[in-house]
Each structure stands twice: as structure tokens, then as C-alpha cells.
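Worksheet for the structure shown next.
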Amino acid sequence: MAGRFLGMFRPLSRVIFEVKPPERRVGFNEKLFWTALALILYLVMSEVPLFGIAMGEEDPFRFLRVIFASRRGSLMELGIGPIVTAGLVLQLLAGSGMIGVDFSNPDDRALFTVASKVFSLLFIAFQASAYIIGGVFQVADVRISIIIFIQLLVAGVVLMLLDELIQKGWGIGSGISLFIMAGVAQTILWSALNPLGPMGDGFSHGAIVALFQALMSGSPLGNVFLNRVDATGNALNLPTMLGFFVTIVVFLIVIYMEGIRVELPISYAGYRGFRSRYPIKLLYVSNLPVIFAAALFANVYFFSQLLWNSYNPNNTNFFLNLLGMYKTVDQQVVPVGGLVYYVISPRNLSEVATDPLRALIFTGIMVAFCIVFSLTWLEVGGLGPKTVAKQLVDSGMQIPGFRRSQRPVEMILKRYIPIVAVLGGVIVGLIASVADFFGVFGSGMGVLLSVGILYQYYQLLMQEQVAEMYPALRGLLGG
């Protein structure tokens with residue numbers, strides 16, 4: 001039976017919007033079609049400007065765009081931020097036991113999905129209202145503000161439906177992951193090949209384009225490779241070739257890490273002792289700790305800047321200064337103190353050299369939260385030793401040399417899973433933080449997420465192709 005909390009959403013389950021799961025088997029080509037259609041609709045909405053907004057150069061939330069697949073001034077202004085935040089809150093409430101939910105019960109799972117939709121709508125409405133009230137859009141007309149609010153709410157609902165369309169079996173993978181990957185890919189291509197310019201150093205925005213311009217003009221290459229500066233020596237925070245090479249290196253490192261695993265021998269009691277191996281990956285909880293850390297840091301940045309803009313523009317309020325202090329530099333609002341200063345990464349080597357303590361504190365905070373979220377997700381996501389041991393035993397598996405019982409399997413898994421979860425959290429935290437120091441394209445978090453998503457999509461595509469070619473294996477592969 002559903003808990004008291006989930007029971008409150010039962011009346012809404014009859015009226016809440018939803019995408020019906022397919023009543024037939026959806027073919028591989030059809031799944032590709034729906035996945036591509038969802039991606040195209042997302043990209044189109046990313047290019048459609050919000051009605052009633054006078055676009056300017058300032059983007060107060062530019063640090064969050066890649067992670068939350070959002071686009072300044074477009075229908076995707078909020079991106080997936082409210083949806084991810086709503087899911088994070090509910091998952092943590094469920095994992096901590098504050099709300100009762102049995103994920104093995106179809107009724108509880110259905111009500112939990114309804115609760116996730118309701119929370120997502122509330123977060124979309126709240127964040128849209130905060131943007132308008134906080135002056136992000138700089139709109140004084142109440143009627144225009146209402147129109148902007150409606151646009152953001154409808155765009156958020158469409159994004160939720162696109163994600164549900166893919167997850168319900170019409171597409172491949174997850175819509176949220178697909179949109180993040182698309183946003184990171186756009187940013188990387190734009191940072192490398194953007195021909196617009198010249199910028200303050202006389203070259204185009206894109207690092208590769210700027211490199212060829214420097215070669216043809218005979219200009220020194222150090223400015224393009226290490227740190228792009230203007231004629232007076234001020235840093236421009238533009239893409240560099242160092243960032244391009246580091247992006248490639250991070251891709252290779254994460255791909256290598258994805259392949260490292262510990263393999264435990266197991267045997268099938270029902271198949272004459274047929275033996276196999278159960279893999280425990282080094283990145284056991286994948287990139288989820290980074291997503292949760294990004295959501296937490298983003299909300300700190302979001303609320304601190306709104307409070308600063310509305311109540312503390314001169315940094316005179318002591319208590320608000322503890323949360324965040326800002327100043328305007330070249331029409332951009334940048335953090336200069338408070339908690340937010342240490343949860344936003346330095347974006348190049350110059351910023352690291354200017355304040356190395358900030359870089360160290362940011363790295364420490366990132367690694368610490370990735371470890372915490374890794375351990376939390378073991379229970380929330382059903383990946384803990386106890387849950388995995390029960391699943392193995394219920395599937396007719398056992399560890400060779402041990403009796404077929406949950407307790408010995410759980411004891412062996414406890415030797416590996418918590419340690420691997422901590423190591424995985426440390427690794428993804430270090431990669432996500434340190435990569436930013438070298439100006440990696442798409443941010444360290446973005447590249448880490450995109451590699452993990454690409455790896456997952458590769459595995460899903462292989463499974464879909466095998467299931468299409470050999471229908472008898474479809475049940476074994478979960479197709």
C-alpha cells in the first residue's frame with residue numbers, strides 16, 4: 001500500500017498529463033525516430049526566443065547552462081533544472097525514509113511518478129516566478145511578465161512529456177540525459193569552431209578558428225594556446241587550444257575509467273552450476289553524484305544571486321554576504337565572496353593562480369559531496385550490498401564455495417561496493433573540478449556527464465540491435 005504522502009497524489013493521478021506506454025513492441029528504427037524527434041523539438045525550443053524579452057549581453061546564470069541544458073532568452077531558459085531538482089528532492093526524501101514508498105510495488109511506483117510530475121510543475125512555476133520577480137528578465141509590465149511565465153510553464157511541461165516519451169519505451173535511454181548531451185555537444189562545437197568575431201584579442205571566438213587566424217597572421221601562439229587576453233593584458237575568458245586538448249584528454253580518461261571493474265565469480269544453481277561473473281564498475285553509481293552536486297551548487301548560485309540582486313546589490317548585508325557577494329565586470333555579474341564563491345569553479349589557469357585557495361576549497365567541496373551522494377544513492381537507487389545480494393539470490397545465483405543464502409553474498413559485496421562507491425565519487429569529483437581549471441569546453445561536469453551518457457547510449461544501442469536481430473534474447477536483455 002502507498003504511504004500517506006504518496007496517497008495524497010492519488011486523486012491527481014486521474015487528471016495529470018502522461019504519455020501512455022506502448023502496448024506493442026516498438027522496433028529499433030521506430031525508437032530511433034522518436035528519440036531523434038524529441039531531440040529536434042528540444043533544439044528548436046532552444047532557438048525560439050521568449051516573447052517580451054529584450055535580449056542583452058548579460059547572462060546571470062551562464063555557469064549553469066551546460067549542466068541544465070538551458071539557453072538564455074529562449075523557451076529553454078529554465079532547461080531541465082526544475083525537473084532534476086524535483087527528482088533529487090523526492091529521491092532523497094524516499095531514501096532517507098521520510099516518505100514511505102515501495103519501488104517493487106507498481107502502485108507505489110505510479111504514484112511516485114505522479115508526485116515527481118507535481119513537484120516538477122511546482123519547481124518550474126517557482127523558478128519562473130523567481131526569475132521574473134528577481135529581475136532576471138528586466139520586465140516591468142505585469143502583462144508581459146504573465147506571458148513570460150506562461151511560456152516557461154508550457155515549455156517545461158513539453159520538456160517533461162518529451163522525457164517521459166523516451167523513458168516509457170518509445171525512445172532509447174532518458175530524455176534528460178539526451179538533452180544534457182546535446183547541450184554539451186553544442187557548447188564544445190561552438191567553443192572550437194565558432195567563426196564569430198573578432199573578439200578582444202583580434203581573433204574569432206572559436207579556439208581552432210583563432211589558431212588558424214594566428215598562424216596566418218604570424219601572431220604569437222601563446223595567446224591562443226594558454227590564456228587569451230586583450231591588448232592591455234586583461235583575461236578574456238575565451239576558449240583556448242589548451243582547453244580543447246584537455247577536453248579530449250578528459251574524454252579518454254573517463255572512457256578508460258568506465259571500463260575498470262571488479263568481477264565476482266557467480267554460479268547459476270538452476271543451470272547445473274553454470275558459472276559467470278558479476279561486474280562491479282569503478283564508477284559504480286555512474287555520473288549521478290555529479291548531477292546531484294551540480295543541482296545543489298546551482299541552487300546556491302541561483303538563490304544567492306537573486307537575493308543579491310534584490311536586497312544586497314552593494315554587498316552591505318552581512319548575512320546575505322555569507323551566502324554570496326557579487327560585482328559586475330564587463331556587463332557580467334561574477335561572484336567575489338561568500339559560499340557561492342567557493343561552489344563555482346575557477347574557469348581558467350589565471351583565476352586559479354589569482355586565488356589558489358578558492359580552487360582547493362572548490363575541489364574539496366566537490367569531492368566531498370560526490371562521496372556523500374555516491375553513498376546515499378547506494379540505498380536510494382537500490383544499489384547497496386543488501387539489495388544486490390537479494391536480487392542475485394532471487395535470480396538463482398550464488399557465490400561459488402558459499403551456500404545459497406543472502407547473508408554470505410551480502411558480506412562479500414560489502415567488501416567491494418561501499419569502497420568502489422567512495423572511490424568513484426572521489427574520481428568523478430576530481431575530474432569535474434580540476435578539468436574546469438584548464439578551461440575545458442563545456443565545463444568539467446558537462447564533459448563528464450556527456451561521456452557517461454554516450455557510454456550508456458552505446459550499451460543501449462547494442463542491446464537494441466541484438467534484441468532486434470535475435471528476438472529470443474529480448475527477455476534476457478530486458479527489451
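Chain lettering (A, B, ...) mirrors the order of the C-alpha cells, residue numbering begins at 1 for each chain separately, and ligand numbering begins at 1 in order of display.
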Given only C-alpha atoms, how would the per-residue table for region 277-310 of chain A near region 80-86 of chain A read, listing every residue at most 10 Å away with its closest atom pair and distance in Å to one decimal, sorted by chain and number, as CSV?
```
residue,atom,partner,partner_atom,distance
A:Ile291,CA,A:Val84,CA,8.3
A:Phe292,CA,A:Thr85,CA,8.3
A:Ala294,CA,A:Gly81,CA,9.8
A:Ala295,CA,A:Thr85,CA,6.3
A:Leu296,CA,A:Thr85,CA,8.2
A:Ala298,CA,A:Gly81,CA,8.6
A:Asn299,CA,A:Thr85,CA,8.7
```
Any chance you can output those residues with C-alpha atoms as a compact mmCIF listing (two decimals), in the first residue's frame?
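Writing done, so here's out-v8.txt:
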```txt
# COMPACT_ATOMS: atom_id res chain seq x y z
CA ILE A 291 24.34 15.66 -11.30
CA PHE A 292 23.25 15.95 -7.67
CA ALA A 294 25.57 20.32 -9.79
CA ALA A 295 21.91 20.69 -8.78
CA LEU A 296 22.90 21.66 -5.23
CA ALA A 298 23.25 25.58 -8.99
CA ASN A 299 20.52 26.29 -6.46
```
- Please, which residues of region 115-198 of chain A, numbered as in this document, come out alpha helix (DSSP H) from DSSP, as a ChimeraX atom specification? /A:115-133,142-165,175-193
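Candidate residues A:Phe437, A:Phe303, A:Tyr278, A:Phe51 were compared for distance to Pro356 (chain A), and the nearest is A:Phe437, using only C-alpha atoms.
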Name the residues in contact with region 153-167 of chain A at a cut-off of 10 Å, using only C-alpha atoms, excluding same-chain residues fewer than 6 positions from it; report them as a PDB file with N, CA and C atoms, in the first residue's frame.
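Done, and the output landed in part.pdb:
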```
ATOM      1  N   PHE A  17      -1.254  14.900 -16.713  1.00  0.00           N
ATOM      2  CA  PHE A  17      -0.851  14.543 -18.073  1.00  0.00           C
ATOM      3  C   PHE A  17       0.169  13.405 -18.037  1.00  0.00           C
ATOM      4  N   GLU A  18       0.123  12.555 -19.048  1.00  0.00           N
ATOM      5  CA  GLU A  18       1.083  11.469 -19.125  1.00  0.00           C
ATOM      6  C   GLU A  18       1.176  10.955 -20.551  1.00  0.00           C
ATOM      7  N   VAL A  19       2.277  10.277 -20.832  1.00  0.00           N
ATOM      8  CA  VAL A  19       2.461   9.584 -22.105  1.00  0.00           C
ATOM      9  C   VAL A  19       2.205   8.111 -21.860  1.00  0.00           C
ATOM     10  N   LYS A  20       1.277   7.534 -22.588  1.00  0.00           N
ATOM     11  CA  LYS A  20       0.945   6.125 -22.397  1.00  0.00           C
ATOM     12  C   LYS A  20       2.092   5.245 -22.894  1.00  0.00           C
ATOM     13  N   PRO A  21       2.451   4.223 -22.147  1.00  0.00           N
ATOM     14  CA  PRO A  21       3.486   3.297 -22.631  1.00  0.00           C
ATOM     15  C   PRO A  21       2.968   2.522 -23.835  1.00  0.00           C
ATOM     16  N   PRO A  22       3.865   2.098 -24.712  1.00  0.00           N
ATOM     17  CA  PRO A  22       3.419   1.365 -25.916  1.00  0.00           C
ATOM     18  C   PRO A  22       2.784   0.033 -25.547  1.00  0.00           C
ATOM     19  N   LYS A  31      12.146   3.460 -32.454  1.00  0.00           N
ATOM     20  CA  LYS A  31      12.708   4.097 -31.259  1.00  0.00           C
ATOM     21  C   LYS A  31      13.693   5.199 -31.641  1.00  0.00           C
ATOM     22  N   LEU A  32      14.507   4.921 -32.646  1.00  0.00           N
ATOM     23  CA  LEU A  32      15.435   5.950 -33.127  1.00  0.00           C
ATOM     24  C   LEU A  32      14.672   7.172 -33.625  1.00  0.00           C
ATOM     25  N   TRP A  34      11.610   8.320 -32.707  1.00  0.00           N
ATOM     26  CA  TRP A  34      11.043   9.103 -31.615  1.00  0.00           C
ATOM     27  C   TRP A  34      12.133   9.795 -30.799  1.00  0.00           C
ATOM     28  N   THR A  35      13.269   9.143 -30.633  1.00  0.00           N
ATOM     29  CA  THR A  35      14.383   9.776 -29.915  1.00  0.00           C
ATOM     30  C   THR A  35      14.893  10.987 -30.681  1.00  0.00           C
ATOM     31  N   LEU A  37      13.177  12.725 -32.881  1.00  0.00           N
ATOM     32  CA  LEU A  37      12.132  13.755 -32.880  1.00  0.00           C
ATOM     33  C   LEU A  37      12.157  14.558 -31.586  1.00  0.00           C
ATOM     34  N   ALA A  38      12.321  13.869 -30.445  1.00  0.00           N
ATOM     35  CA  ALA A  38      12.400  14.568 -29.158  1.00  0.00           C
ATOM     36  C   ALA A  38      13.603  15.509 -29.123  1.00  0.00           C
ATOM     37  N   LEU A  39      14.740  15.045 -29.657  1.00  0.00           N
ATOM     38  CA  LEU A  39      15.936  15.874 -29.680  1.00  0.00           C
ATOM     39  C   LEU A  39      15.743  17.098 -30.569  1.00  0.00           C
ATOM     40  N   LEU A  41      12.884  18.596 -31.340  1.00  0.00           N
ATOM     41  CA  LEU A  41      11.970  19.532 -30.677  1.00  0.00           C
ATOM     42  C   LEU A  41      12.691  20.316 -29.587  1.00  0.00           C
ATOM     43  N   TYR A  42      13.563  19.641 -28.838  1.00  0.00           N
ATOM     44  CA  TYR A  42      14.333  20.337 -27.807  1.00  0.00           C
ATOM     45  C   TYR A  42      15.232  21.408 -28.434  1.00  0.00           C
ATOM     46  N   MET A  45      13.139  24.393 -29.585  1.00  0.00           N
ATOM     47  CA  MET A  45      12.737  25.241 -28.457  1.00  0.00           C
ATOM     48  C   MET A  45      13.921  26.035 -27.902  1.00  0.00           C
ATOM     49  N   SER A  74      15.563  31.876 -24.389  1.00  0.00           N
ATOM     50  CA  SER A  74      14.747  31.017 -25.241  1.00  0.00           C
ATOM     51  C   SER A  74      13.682  30.307 -24.401  1.00  0.00           C
ATOM     52  N   LEU A  75      12.853  29.493 -25.065  1.00  0.00           N
ATOM     53  CA  LEU A  75      11.876  28.701 -24.337  1.00  0.00           C
ATOM     54  C   LEU A  75      12.551  27.739 -23.359  1.00  0.00           C
ATOM     55  N   MET A  76      13.810  27.419 -23.614  1.00  0.00           N
ATOM     56  CA  MET A  76      14.586  26.556 -22.730  1.00  0.00           C
ATOM     57  C   MET A  76      15.391  27.363 -21.717  1.00  0.00           C
ATOM     58  N   GLU A  77      14.869  28.504 -21.315  1.00  0.00           N
ATOM     59  CA  GLU A  77      15.538  29.345 -20.313  1.00  0.00           C
ATOM     60  C   GLU A  77      15.773  28.577 -19.011  1.00  0.00           C
ATOM     61  N   LEU A  78      14.809  27.788 -18.582  1.00  0.00           N
ATOM     62  CA  LEU A  78      14.945  27.022 -17.341  1.00  0.00           C
ATOM     63  C   LEU A  78      15.601  25.672 -17.572  1.00  0.00           C
ATOM     64  N   GLY A  79      15.504  25.140 -18.791  1.00  0.00           N
ATOM     65  CA  GLY A  79      16.100  23.849 -19.104  1.00  0.00           C
ATOM     66  C   GLY A  79      15.521  22.735 -18.235  1.00  0.00           C
ATOM     67  N   ILE A  80      16.367  21.786 -17.892  1.00  0.00           N
ATOM     68  CA  ILE A  80      15.925  20.637 -17.089  1.00  0.00           C
ATOM     69  C   ILE A  80      16.149  20.870 -15.600  1.00  0.00           C
ATOM     70  N   GLY A  81      16.585  22.065 -15.233  1.00  0.00           N
ATOM     71  CA  GLY A  81      16.894  22.362 -13.829  1.00  0.00           C
ATOM     72  C   GLY A  81      15.762  22.039 -12.870  1.00  0.00           C
ATOM     73  N   PRO A  82      14.533  22.553 -13.090  1.00  0.00           N
ATOM     74  CA  PRO A  82      13.436  22.248 -12.155  1.00  0.00           C
ATOM     75  C   PRO A  82      13.102  20.766 -12.094  1.00  0.00           C
ATOM     76  N   ILE A  83      13.184  20.058 -13.233  1.00  0.00           N
ATOM     77  CA  ILE A  83      12.860  18.629 -13.256  1.00  0.00           C
ATOM     78  C   ILE A  83      13.891  17.841 -12.458  1.00  0.00           C
ATOM     79  N   LYS A 117       5.961  14.500 -11.109  1.00  0.00           N
ATOM     80  CA  LYS A 117       5.422  15.476 -12.066  1.00  0.00           C
ATOM     81  C   LYS A 117       4.899  16.712 -11.351  1.00  0.00           C
ATOM     82  N   SER A 120       7.765  18.719 -10.113  1.00  0.00           N
ATOM     83  CA  SER A 120       8.423  19.381 -11.245  1.00  0.00           C
ATOM     84  C   SER A 120       7.645  20.625 -11.670  1.00  0.00           C
ATOM     85  N   LEU A 121       6.311  20.507 -11.724  1.00  0.00           N
ATOM     86  CA  LEU A 121       5.490  21.673 -12.073  1.00  0.00           C
ATOM     87  C   LEU A 121       5.653  22.786 -11.043  1.00  0.00           C
ATOM     88  N   LEU A 122       5.680  22.407  -9.763  1.00  0.00           N
ATOM     89  CA  LEU A 122       5.851  23.419  -8.710  1.00  0.00           C
ATOM     90  C   LEU A 122       7.212  24.104  -8.827  1.00  0.00           C
ATOM     91  N   PHE A 123       8.255  23.330  -9.097  1.00  0.00           N
ATOM     92  CA  PHE A 123       9.579  23.923  -9.227  1.00  0.00           C
ATOM     93  C   PHE A 123       9.677  24.793 -10.480  1.00  0.00           C
ATOM     94  N   ILE A 124       9.036  24.379 -11.568  1.00  0.00           N
ATOM     95  CA  ILE A 124       9.025  25.204 -12.781  1.00  0.00           C
ATOM     96  C   ILE A 124       8.341  26.534 -12.493  1.00  0.00           C
ATOM     97  N   ALA A 125       7.153  26.472 -11.851  1.00  0.00           N
ATOM     98  CA  ALA A 125       6.415  27.696 -11.531  1.00  0.00           C
ATOM     99  C   ALA A 125       7.206  28.577 -10.571  1.00  0.00           C
ATOM    100  N   PHE A 126       7.812  27.952  -9.565  1.00  0.00           N
ATOM    101  CA  PHE A 126       8.582  28.715  -8.582  1.00  0.00           C
ATOM    102  C   PHE A 126       9.794  29.390  -9.222  1.00  0.00           C
ATOM    103  N   GLN A 127      10.550  28.625 -10.041  1.00  0.00           N
ATOM    104  CA  GLN A 127      11.751  29.194 -10.628  1.00  0.00           C
ATOM    105  C   GLN A 127      11.411  30.270 -11.651  1.00  0.00           C
ATOM    106  N   ALA A 128      10.343  30.064 -12.433  1.00  0.00           N
ATOM    107  CA  ALA A 128       9.921  31.089 -13.388  1.00  0.00           C
ATOM    108  C   ALA A 128       9.516  32.364 -12.654  1.00  0.00           C
ATOM    109  N   ILE A 147       2.832  36.682 -19.472  1.00  0.00           N
ATOM    110  CA  ILE A 147       3.065  35.964 -20.731  1.00  0.00           C
ATOM    111  C   ILE A 147       4.365  35.161 -20.654  1.00  0.00           C
ATOM    112  N   GLY A 173      16.847   5.244 -23.957  1.00  0.00           N
ATOM    113  CA  GLY A 173      17.540   5.933 -22.881  1.00  0.00           C
ATOM    114  C   GLY A 173      16.631   6.868 -22.109  1.00  0.00           C
ATOM    115  N   SER A 174      17.169   8.035 -21.776  1.00  0.00           N
ATOM    116  CA  SER A 174      16.466   9.041 -20.977  1.00  0.00           C
ATOM    117  C   SER A 174      16.492  10.379 -21.708  1.00  0.00           C
ATOM    118  N   GLY A 175      15.342  11.067 -21.699  1.00  0.00           N
ATOM    119  CA  GLY A 175      15.286  12.371 -22.347  1.00  0.00           C
ATOM    120  C   GLY A 175      16.192  13.388 -21.677  1.00  0.00           C
ATOM    121  N   ILE A 176      16.230  13.363 -20.340  1.00  0.00           N
ATOM    122  CA  ILE A 176      17.085  14.294 -19.602  1.00  0.00           C
ATOM    123  C   ILE A 176      18.545  14.110 -20.021  1.00  0.00           C
ATOM    124  N   SER A 177      19.000  12.864 -20.073  1.00  0.00           N
ATOM    125  CA  SER A 177      20.379  12.591 -20.487  1.00  0.00           C
ATOM    126  C   SER A 177      20.624  13.051 -21.921  1.00  0.00           C
ATOM    127  N   LEU A 178      19.644  12.806 -22.788  1.00  0.00           N
ATOM    128  CA  LEU A 178      19.774  13.197 -24.190  1.00  0.00           C
ATOM    129  C   LEU A 178      19.928  14.705 -24.329  1.00  0.00           C
ATOM    130  N   PHE A 179      19.159  15.464 -23.566  1.00  0.00           N
ATOM    131  CA  PHE A 179      19.206  16.922 -23.668  1.00  0.00           C
ATOM    132  C   PHE A 179      20.521  17.471 -23.099  1.00  0.00           C
TER     133      PHE A 179
END
```
- Counting only C-alpha atoms, closest pick from A:Gly429, A:Gly202, A:Pro400, A:Gly452 relative to Tyr256 (chain A) is A:Gly452
- Message: From the options A:Ile365, A:Val285, A:Thr240, A:Phe28, which residue's atoms come nearest to Met462 (chain A), counting only C-alpha atoms?
- Response: A:Phe28
